[in-house]
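Note sheet for the following structure.
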Protein chains: 2
Amino acid sequence: MQRVTMGHGAGGEMMQELISKHIAPLLPRFPTEVSLDSFDDSAVCDDVVFTTDGHTVKPLFFPGGDIGRLSVCGTVNDIAVMGGRPMALSSAVILEEGLELEVLERVMRSAGEASREAGVPIVTGDTKVMESGKIERMVMVTSAIGKRSPYMDGNLQTAKQSRKVDSRWLTDDNLREGDVVIASGTMGDHGVALLSFREGYGFESHISSDCAPLNHMIEEALQVGGVVSMKDCTRGGMANAINEWSSKSRVGIELEEASIPVHEAVRNACEMLGLDPLSIGNEGKVIIAVVPEQAEAVLRVLRSHKYGKDAAIVGKAVTSTKHVVMRTEVGGRRILEPPVGDPVPRIC
Amino acid sequence: MQRVTMGHGAGGEMMQELISKHIAPLLPRFPTEVSLDSFDDSAVCDDVVFTTDGHTVKPLFFPGGDIGRLSVCGTVNDIAVMGGRPMALSSAVILEEGLELEVLERVMRSAGEASREAGVPIVTGDTKVMESGKIERMVMVTSAIGKRSPYMDGNLQTAKQSRKVDSRWLTDDNLREGDVVIASGTMGDHGVALLSFREGYGFESHISSDCAPLNHMIEEALQVGGVVSMKDCTRGGMANAINEWSSKSRVGIELEEASIPVHEAVRNACEMLGLDPLSIGNEGKVIIAVVPEQAEAVLRVLRSHKYGKDAAIVGKAVTSTKHVVMRTEVGGRRILEPPVGDPVPRIC
């Protein structure tokens, strides 16, 4: 009998397979602008952007954040990367009987602060309690709704000066040859901070989670214009996100390893632990595909923002390959595969 | 140190207190048409109705339903009772490592069938896995979005022929003296079916959960017109729902005990177990407040529907008291209090 494994929740190929074989085929299909089948960060129904995220992060509080901030930021970012302007959040908490109310309050206060920073209210919620021992402390599930950003029309108009753009949204299938790939900052911080804090490796004194609401920064980029796609580099990291682009847009992507921002401490930790920082989940980083004419202007705006100061151009879409190809610092080339499972469980 | 107890998740006064003291005050306020503070079944933002529900029901499969059908129906109903037409659902599942994939598939197939029956697609989702022993089998959190039902304008127009109506939605504060209260069917089935099945009392051979999507029936009632408020009688049962009406609308409500539909088997089970069927959660029953001129017509339409065949007029809003007063079958009067906790945990 087949059973659920930790890898099924890891955001990599195993999860894709779980959803596409064991979940999606059992659900009825209705016509929707951006549906479940597209595996985008959010769905779009009748011009409302809609997304949901369960959070089982362990521990609840970690360097740079906690489950409350994480939940709000992750869900706000999923709406924003579609070209949506988040309007409202819901929060469903599942609590373990016996959890200190003080812990719940600390989490909700932090969720509230992130909600204020993002400018997105939590308007509805639900509370359930399971018996002691039946759930580990607390789980938080946030959903969000958004409308199309008022900057999307102008943004796509600018992109169209360079080439045809089909979608009204920043979907994963929007990349074309020549599009420039920007990373909004250092990769791997969140997952490595969590892992190190949990295991007591000691790196955590130098590495914090990057957990942040990116909606304001993203709208500034849309105001510049020429952005055709955007992805949140959460579970499975940048390696997973960029491979989704490649397979859904049917283009190859060439990356320059030396140009991908990675914190020194994260790089060292990953080397010691045998991990690839590009397969590690982030909670405040996106990759952005921009038509070539606009890449420098978008980069400039990102860098002027506190959550994008380390942004860099890291590669471009090509047709010479179907894969994601990494040009290494020593001049070699290797294929960057999507992670199968996840080296670091329960980071979000 | 204060700690979370099972009663905090029970939908009664303890949960209200948890939310109003330990959650809501920590969240920033933004102007919203129907907000968190109103404790309605759903929120409304910019004419989008939005709701979320966590489901921790135990066991996952029970007479008359399972966690998949329950999740879809509960969330669809929360949108419908606001006067919304549900557009789309999200589904976030948190799975225990080692759960049989067959169980997940059975749940998703059932969710899919309920989604098809309701005519509301599941458009987005999330999957997380927790280690074996860290969560009991699976938890499912569904959220939904909806637009205002196209029948709401006509419905409220009809109500206005009788009296002034302030809200554009079927909010809990809409009742006025004279409004007639209709129960859409028998009360207590879901909770008693769950309890009996779990504990092996044997009543379950006669009692099934009433778990059903009520959105189509509710729209038929709105087409008749004159409906001013509606509530889902889930956790805390009809006793909780009706007391919310009374306190938020600042009216008393007089109920005729003899007229409230309760299955014989449920009544017997409750008598043996010392429970009040009106405090037991339902998953396919609503109470509806209608202006008096329209009550019979709405009742007729409900009764013509398979999910409303036992519908009955059970009481009316009054100003002679501030409470919910039950006129008993033997001619006495007693106050029907909202339940404090819940006699039956984890029924949804």
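Letters A, B, ... mark the chains of the structure tokens in the order given; residue numbers begin at 1 per chain; ligand numbers begin at 1, in order shown.
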Item to complete: Within 6 Å of chain A, which residues of chain B are there when counting only C-alpha atoms? Please give them as an MDAnalysis selection string.
Response: chainID B and resid 2:6 9 22 26:28 35:36 43 52:54 92 97:101 105 109 112 123:129 134:136
Worksheet item: What are the DSSP strand (DSSP E or B) residues of segment 144-215 of chain A, as an MDAnalysis selection string?
Response: chainID A and resid 144:148 180:183
Discussion item. Need the shell around Arg334 of chain B: protein/DNA/RNA residues with any atom at most 9 Å away, counting only C-alpha atoms. Skip same-chain ones fewer than 4 positions apart. Format as a PyMOL selection string?
Written reply: chain B and resi 324-328
Selection export as a PDB file, in the first residue's frame, atoms kept: N, CA and C atoms:
```pdb
ATOM      1  N   VAL B 324     -33.314  34.609  24.138  1.00  0.00           N
ATOM      2  CA  VAL B 324     -33.965  33.573  23.351  1.00  0.00           C
ATOM      3  C   VAL B 324     -34.795  32.747  24.334  1.00  0.00           C
ATOM      4  N   VAL B 325     -36.101  32.794  24.166  1.00  0.00           N
ATOM      5  CA  VAL B 325     -37.003  32.143  25.111  1.00  0.00           C
ATOM      6  C   VAL B 325     -37.704  30.978  24.421  1.00  0.00           C
ATOM      7  N   MET B 326     -37.642  29.831  25.068  1.00  0.00           N
ATOM      8  CA  MET B 326     -38.259  28.626  24.520  1.00  0.00           C
ATOM      9  C   MET B 326     -39.577  28.363  25.229  1.00  0.00           C
ATOM     10  N   ARG B 327     -40.669  28.313  24.472  1.00  0.00           N
ATOM     11  CA  ARG B 327     -41.954  27.893  25.050  1.00  0.00           C
ATOM     12  C   ARG B 327     -42.013  26.374  24.935  1.00  0.00           C
ATOM     13  N   THR B 328     -42.000  25.738  26.067  1.00  0.00           N
ATOM     14  CA  THR B 328     -41.854  24.277  26.066  1.00  0.00           C
ATOM     15  C   THR B 328     -43.173  23.594  25.728  1.00  0.00           C
TER      16      THR B 328
END
```
Discussion item. One decimal, in Å: what's the spacing between atom CA of Asn174 of chain A and atom CA of Met14 of chain A?
Written reply: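 Between atom CA of Asn174 of chain A and atom CA of Met14 of chain A the gap is 24.4 Å.
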